[in-house]
file final.cif (mmCIF, C-alpha atoms)
data_work
#
loop_
_atom_site.label_atom_id
_atom_site.label_comp_id
_atom_site.auth_asym_id
_atom_site.auth_seq_id
_atom_site.Cartn_x
_atom_site.Cartn_y
_atom_site.Cartn_z
CA MET A 30 -16.09 -12.71 2.39
CA PRO A 31 -17.83 -11.12 -0.59
CA PHE A 32 -15.67 -8.86 -2.76
CA LYS A 33 -15.33 -7.24 -6.17
CA VAL A 34 -12.18 -6.78 -8.19
CA ILE A 35 -11.87 -3.20 -9.47
CA THR A 36 -9.44 -1.23 -11.59
CA ASP A 37 -7.01 0.90 -9.58
CA SER A 38 -8.23 4.11 -11.16
CA SER A 39 -11.84 3.54 -10.05
CA ALA A 40 -11.04 3.26 -6.32
CA GLY A 41 -11.69 6.93 -5.51
CA LEU A 42 -15.00 7.02 -7.37
CA LEU A 43 -16.25 3.87 -5.64
CA MET A 44 -15.15 5.13 -2.23
CA SER A 45 -16.85 8.48 -2.80
CA ARG A 46 -20.08 6.66 -3.64
CA GLY A 47 -19.97 4.57 -0.47
CA MET A 48 -19.34 1.35 -2.37
CA VAL A 49 -16.23 0.34 -0.39
CA ASP A 50 -16.38 -0.72 3.25
CA ARG A 51 -12.70 -1.57 3.76
CA VAL A 52 -9.42 -1.78 1.89
CA ILE A 53 -7.18 -4.80 2.47
CA VAL A 54 -3.63 -4.86 1.08
CA GLY A 55 -0.52 -6.94 1.57
CA ALA A 56 2.95 -5.79 2.57
CA ASP A 57 6.48 -6.46 1.44
CA ARG A 58 7.96 -4.99 4.61
CA ILE A 59 6.63 -3.35 7.77
CA ALA A 60 8.87 -1.03 9.79
CA ALA A 61 8.93 -1.15 13.59
CA ASN A 62 6.68 1.94 13.79
CA GLY A 63 4.04 0.37 11.51
CA ASP A 64 4.95 2.13 8.25
CA VAL A 65 4.24 -0.26 5.36
CA ALA A 66 6.24 -0.81 2.18
CA ASN A 67 4.18 -2.43 -0.56
CA LYS A 68 3.73 -2.40 -4.33
CA ILE A 69 3.42 1.02 -5.87
CA GLY A 70 -0.10 2.40 -5.60
CA THR A 71 -0.74 1.29 -2.02
CA TYR A 72 -0.11 4.73 -0.52
CA PRO A 73 -2.72 6.51 -2.71
CA LEU A 74 -5.30 3.88 -1.72
CA ALA A 75 -4.53 4.55 1.95
CA VAL A 76 -4.95 8.31 1.42
CA LEU A 77 -8.27 7.77 -0.34
CA ALA A 78 -9.47 5.38 2.37
CA ASN A 79 -8.51 7.90 5.04
CA ARG A 80 -10.33 10.71 3.19
CA HIS A 81 -13.51 8.61 3.09
CA SER A 82 -13.18 7.18 6.63
CA ILE A 83 -12.75 3.63 5.31
CA PRO A 84 -10.66 1.16 7.35
CA PHE A 85 -7.29 0.43 5.69
CA VAL A 86 -6.04 -3.02 6.74
CA VAL A 87 -2.67 -4.62 6.00
CA ALA A 88 -2.65 -8.43 5.88
CA ALA A 89 0.86 -9.87 6.04
CA PRO A 90 2.88 -12.62 7.69
CA THR A 91 4.88 -11.67 10.79
CA SER A 92 8.04 -12.31 8.76
CA THR A 93 7.43 -8.98 6.98
CA ILE A 94 7.68 -7.03 10.25
CA ASP A 95 11.21 -5.65 10.50
CA GLU A 96 11.84 -4.53 14.08
CA HIS A 97 15.37 -3.42 13.05
CA THR A 98 14.01 -0.80 10.63
CA ALA A 99 12.66 2.13 12.62
CA THR A 100 10.44 3.82 10.00
CA GLY A 101 9.48 3.67 6.36
CA ASP A 102 12.06 6.39 5.69
CA ASP A 103 14.69 3.71 6.32
CA ILE A 104 13.35 1.35 3.64
CA PRO A 105 15.04 1.73 0.24
CA ILE A 106 12.59 2.09 -2.64
CA GLU A 107 13.52 0.25 -5.83
CA GLU A 108 13.35 2.25 -9.03
CA ARG A 109 13.10 0.00 -12.07
CA ASP A 110 14.33 0.51 -15.61
CA PRO A 111 12.41 3.39 -17.27
CA ALA A 112 12.24 1.27 -20.45
CA GLU A 113 9.57 -0.87 -18.73
CA VAL A 114 7.11 2.02 -19.08
CA SER A 115 8.62 4.11 -21.90
CA ARG A 116 9.63 2.37 -25.11
CA TYR A 117 10.74 5.53 -26.89
CA GLY A 118 13.49 6.70 -24.55
CA HIS A 119 11.39 9.34 -22.82
CA PRO A 120 12.37 10.09 -19.22
CA ALA A 121 10.27 8.05 -16.81
CA ALA A 122 10.03 7.39 -13.09
CA ASN A 123 9.30 3.72 -12.49
CA PHE A 124 9.20 3.02 -8.77
CA ALA A 125 8.31 -0.51 -7.69
CA PHE A 126 7.11 0.25 -4.14
CA ASP A 127 5.77 3.06 -1.99
CA ILE A 128 5.51 3.66 1.76
CA THR A 129 2.22 3.99 3.58
CA PRO A 130 2.64 5.84 6.90
CA ALA A 131 1.41 3.97 9.97
CA LYS A 132 -1.06 6.80 10.75
CA LEU A 133 -3.05 5.73 7.66
CA VAL A 134 -3.14 2.03 8.66
CA THR A 135 -6.15 0.93 10.72
CA ALA A 136 -4.75 -2.50 11.60
CA ILE A 137 -2.10 -5.03 10.67
CA VAL A 138 -3.37 -8.61 10.52
CA THR A 139 -0.87 -11.47 10.78
CA GLU A 140 -1.11 -15.19 11.47
CA GLU A 141 -0.65 -14.25 15.13
CA GLY A 142 -3.64 -11.90 15.25
CA VAL A 143 -4.53 -8.24 14.80
CA ARG A 144 -2.22 -5.42 15.76
CA SER A 145 -3.42 -1.82 15.72
CA ALA A 146 -1.07 0.37 13.77
#
call {"tool": "encode", "arguments": {"input": "final.cif", "output": "structure tokens"}}
result
Amino acid sequence: MPFKVITDSSAGLLMSRGMVDRVIVGADRIAANGDVANKIGTYPLAVLANRHSIPFVVAAPTSTIDEHTATGDDIPIEERDPAEVSRYGHPAANFAFDITPAKLVTAIVTEEGVRSA
């Protein structure tokens, strides 16, 4: 599968120019309803993909699907030490993950096959 690595901040520009045909991300946890918890920055990519009608695909092992967690609202989001991003004691929000709502996910691909979100 041909691909290009890009900087996070260029995703919107490339999508707006028709240079992206799909977005594929991983997942740390998938709620029963298909909401996806993943590294911070995944949700904005899903919003951009949706805006530009680009398929947004989550590739993850079935072990990340948590049928006991109803929605992404039930997944705690880790906030890391502000010192990781601010060395001078300035207030900082340093979240490690975000939640992508299932309605923005085109499909979830696991070792067992493809599941529509």
call {"tool": "residues_around", "arguments": {"input": "final.cif", "residues": "stretch 49-56 of chain A", "least_positions_apart": "5", "cutoff": "7 Å", "atoms": "all atoms listed in the file", "output": "PyMOL selection string"}}
result
chain A and resi 43-44+65-67+83-89
call {"tool": "resolve_selection", "arguments": {"input": "final.cif", "expression": "the PyMOL selection byres ((chain A and resi 81) around 9)", "output": "ChimeraX atom specification"}}
result
/A:41,44-45,47,76-80,82-83
call {"tool": "atom_distance", "arguments": {"input": "final.cif", "atom1": "atom CA of A:Ile137", "atom2": "atom CA of A:Pro90"}}
result
9.6 Å
call {"tool": "axis_aligned_box", "arguments": {"input": "final.cif", "around": "stretch 125-133 of chain A", "padding_each_side": "4 Å", "output": "AutoDock Vina command-line options"}}
result
--center_x 2.6 --center_y 3.1 --center_z 1.5 --size_x 19.4 --size_y 15.3 --size_z 26.4
call {"tool": "closest_residue", "arguments": {"input": "final.cif", "among": "A:Glu140, A:Glu96, A:Asp127, A:Asp57", "to": "A:Glu108", "atoms": "all atoms listed in the file"}}
result
A:Asp127
call {"tool": "atom_distance", "arguments": {"input": "final.cif", "atom1": "atom CA of A:Lys132", "atom2": "atom CA of A:Leu42"}}
result
22.9 Å
call {"tool": "closest_residue", "arguments": {"input": "final.cif", "among": "A:Gly118, A:Gly63, A:Pro111, A:Pro73", "to": "A:Asp95", "atoms": "only C-alpha atoms"}}
result
A:Gly63
call {"tool": "closest_residue", "arguments": {"input": "final.cif", "among": "A:Ala99, A:Ile104, A:Ile128, A:Ala136", "to": "A:Ala61", "atoms": "only C-alpha atoms"}}
result
A:Ala99
call {"tool": "atom_distance", "arguments": {"input": "final.cif", "atom1": "atom CA of A:Lys68", "atom2": "atom CA of A:Thr129"}}
result
10.3 Å
call {"tool": "residues_around", "arguments": {"input": "final.cif", "residues": "A:His97", "least_positions_apart": "5", "cutoff": "12 Å", "atoms": "all atoms listed in the file", "output": "PDB file with C-alpha atoms, in the frame of the given file"}}
result
ATOM      1  CA  ARG A  58       7.960  -4.990   4.610  1.00  0.00           C
ATOM      2  CA  ILE A  59       6.630  -3.350   7.770  1.00  0.00           C
ATOM      3  CA  ALA A  60       8.870  -1.030   9.790  1.00  0.00           C
ATOM      4  CA  ALA A  61       8.930  -1.150  13.590  1.00  0.00           C
ATOM      5  CA  ASN A  62       6.680   1.940  13.790  1.00  0.00           C
ATOM      6  CA  ASP A 103      14.690   3.710   6.320  1.00  0.00           C
ATOM      7  CA  ILE A 104      13.350   1.350   3.640  1.00  0.00           C
TER       8      ILE A 104
END
call {"tool": "closest_residue", "arguments": {"input": "final.cif", "among": "A:Arg109, A:Thr93, A:Gly70, A:Gly142", "to": "A:Asn123", "atoms": "only C-alpha atoms"}}
result
A:Arg109
call {"tool": "closest_residue", "arguments": {"input": "final.cif", "among": "A:Ala40, A:Ile94, A:Val34, A:Ala122", "to": "A:Thr139", "atoms": "all atoms listed in the file"}}
result
A:Ile94
call {"tool": "resolve_selection", "arguments": {"input": "final.cif", "expression": "the PyMOL selection byres ((chain A and resi 107) around 8)", "output": "list in words"}}
result
Pro105, Ile106, Glu108, Arg109, Phe124, Ala125 and Phe126 of chain A
call {"tool": "decode", "arguments": {"input": "final.cif", "residues": "stretch 85-146 of chain A", "atoms": "C-alpha atoms", "output": "PDB file, in the first residue's frame"}}
result
ATOM      1  CA  PHE A  85     -11.616   7.246   8.574  1.00  0.00           C
ATOM      2  CA  VAL A  86     -10.555   3.687   9.428  1.00  0.00           C
ATOM      3  CA  VAL A  87      -9.462   2.301  12.794  1.00  0.00           C
ATOM      4  CA  ALA A  88      -7.099  -0.685  12.664  1.00  0.00           C
ATOM      5  CA  ALA A  89      -6.824  -2.480  15.996  1.00  0.00           C
ATOM      6  CA  PRO A  90      -6.759  -5.953  17.517  1.00  0.00           C
ATOM      7  CA  THR A  91     -10.041  -7.294  18.899  1.00  0.00           C
ATOM      8  CA  SER A  92      -8.466  -7.126  22.370  1.00  0.00           C
ATOM      9  CA  THR A  93      -8.966  -3.338  22.282  1.00  0.00           C
ATOM     10  CA  ILE A  94     -12.749  -3.695  21.969  1.00  0.00           C
ATOM     11  CA  ASP A  95     -14.237  -3.299  25.442  1.00  0.00           C
ATOM     12  CA  GLU A  96     -17.823  -4.560  25.401  1.00  0.00           C
ATOM     13  CA  HIS A  97     -18.129  -3.627  29.112  1.00  0.00           C
ATOM     14  CA  THR A  98     -17.599   0.083  28.384  1.00  0.00           C
ATOM     15  CA  ALA A  99     -20.750   1.490  26.809  1.00  0.00           C
ATOM     16  CA  THR A 100     -19.391   4.702  25.238  1.00  0.00           C
ATOM     17  CA  GLY A 101     -16.293   6.841  25.015  1.00  0.00           C
ATOM     18  CA  ASP A 102     -17.724   9.001  27.807  1.00  0.00           C
ATOM     19  CA  ASP A 103     -16.971   6.080  30.130  1.00  0.00           C
ATOM     20  CA  ILE A 104     -13.262   5.946  29.230  1.00  0.00           C
ATOM     21  CA  PRO A 105     -11.018   7.946  31.583  1.00  0.00           C
ATOM     22  CA  ILE A 106      -8.634  10.283  29.770  1.00  0.00           C
ATOM     23  CA  GLU A 107      -5.135  10.504  31.228  1.00  0.00           C
ATOM     24  CA  GLU A 108      -3.770  13.986  31.797  1.00  0.00           C
ATOM     25  CA  ARG A 109       0.005  13.979  32.047  1.00  0.00           C
ATOM     26  CA  ASP A 110       2.349  16.237  33.978  1.00  0.00           C
ATOM     27  CA  PRO A 111       2.197  19.805  32.570  1.00  0.00           C
ATOM     28  CA  ALA A 112       6.001  19.968  32.933  1.00  0.00           C
ATOM     29  CA  GLU A 113       6.267  17.682  29.877  1.00  0.00           C
ATOM     30  CA  VAL A 114       5.144  20.586  27.674  1.00  0.00           C
ATOM     31  CA  SER A 115       5.930  23.646  29.810  1.00  0.00           C
ATOM     32  CA  ARG A 116       9.378  23.954  31.352  1.00  0.00           C
ATOM     33  CA  TYR A 117       8.758  27.341  32.950  1.00  0.00           C
ATOM     34  CA  GLY A 118       5.846  26.492  35.229  1.00  0.00           C
ATOM     35  CA  HIS A 119       3.170  27.938  32.955  1.00  0.00           C
ATOM     36  CA  PRO A 120      -0.251  26.304  33.233  1.00  0.00           C
ATOM     37  CA  ALA A 121      -0.669  23.609  30.604  1.00  0.00           C
ATOM     38  CA  ALA A 122      -3.190  20.968  29.598  1.00  0.00           C
ATOM     39  CA  ASN A 123      -1.370  17.793  28.592  1.00  0.00           C
ATOM     40  CA  PHE A 124      -3.892  15.100  27.718  1.00  0.00           C
ATOM     41  CA  ALA A 125      -2.521  11.781  26.459  1.00  0.00           C
ATOM     42  CA  PHE A 126      -5.631  10.532  24.621  1.00  0.00           C
ATOM     43  CA  ASP A 127      -8.829  11.747  23.015  1.00  0.00           C
ATOM     44  CA  ILE A 128     -12.119  10.107  22.048  1.00  0.00           C
ATOM     45  CA  THR A 129     -13.330   9.834  18.473  1.00  0.00           C
ATOM     46  CA  PRO A 130     -17.110   9.334  18.318  1.00  0.00           C
ATOM     47  CA  ALA A 131     -18.271   6.254  16.409  1.00  0.00           C
ATOM     48  CA  LYS A 132     -20.240   8.452  13.977  1.00  0.00           C
ATOM     49  CA  LEU A 133     -16.896   9.697  12.588  1.00  0.00           C
ATOM     50  CA  VAL A 134     -15.473   6.167  12.122  1.00  0.00           C
ATOM     51  CA  THR A 135     -16.053   4.564   8.721  1.00  0.00           C
ATOM     52  CA  ALA A 136     -14.884   1.092   9.753  1.00  0.00           C
ATOM     53  CA  ILE A 137     -12.987  -0.814  12.409  1.00  0.00           C
ATOM     54  CA  VAL A 138     -10.558  -3.398  11.021  1.00  0.00           C
ATOM     55  CA  THR A 139      -9.396  -6.229  13.282  1.00  0.00           C
ATOM     56  CA  GLU A 140      -7.689  -9.567  12.740  1.00  0.00           C
ATOM     57  CA  GLU A 141     -11.207 -11.000  12.507  1.00  0.00           C
ATOM     58  CA  GLY A 142     -12.312  -8.728   9.666  1.00  0.00           C
ATOM     59  CA  VAL A 143     -14.019  -5.395   9.058  1.00  0.00           C
ATOM     60  CA  ARG A 144     -16.767  -4.051  11.266  1.00  0.00           C
ATOM     61  CA  SER A 145     -18.726  -0.960  10.269  1.00  0.00           C
ATOM     62  CA  ALA A 146     -18.805   1.560  13.059  1.00  0.00           C
TER      63      ALA A 146
END
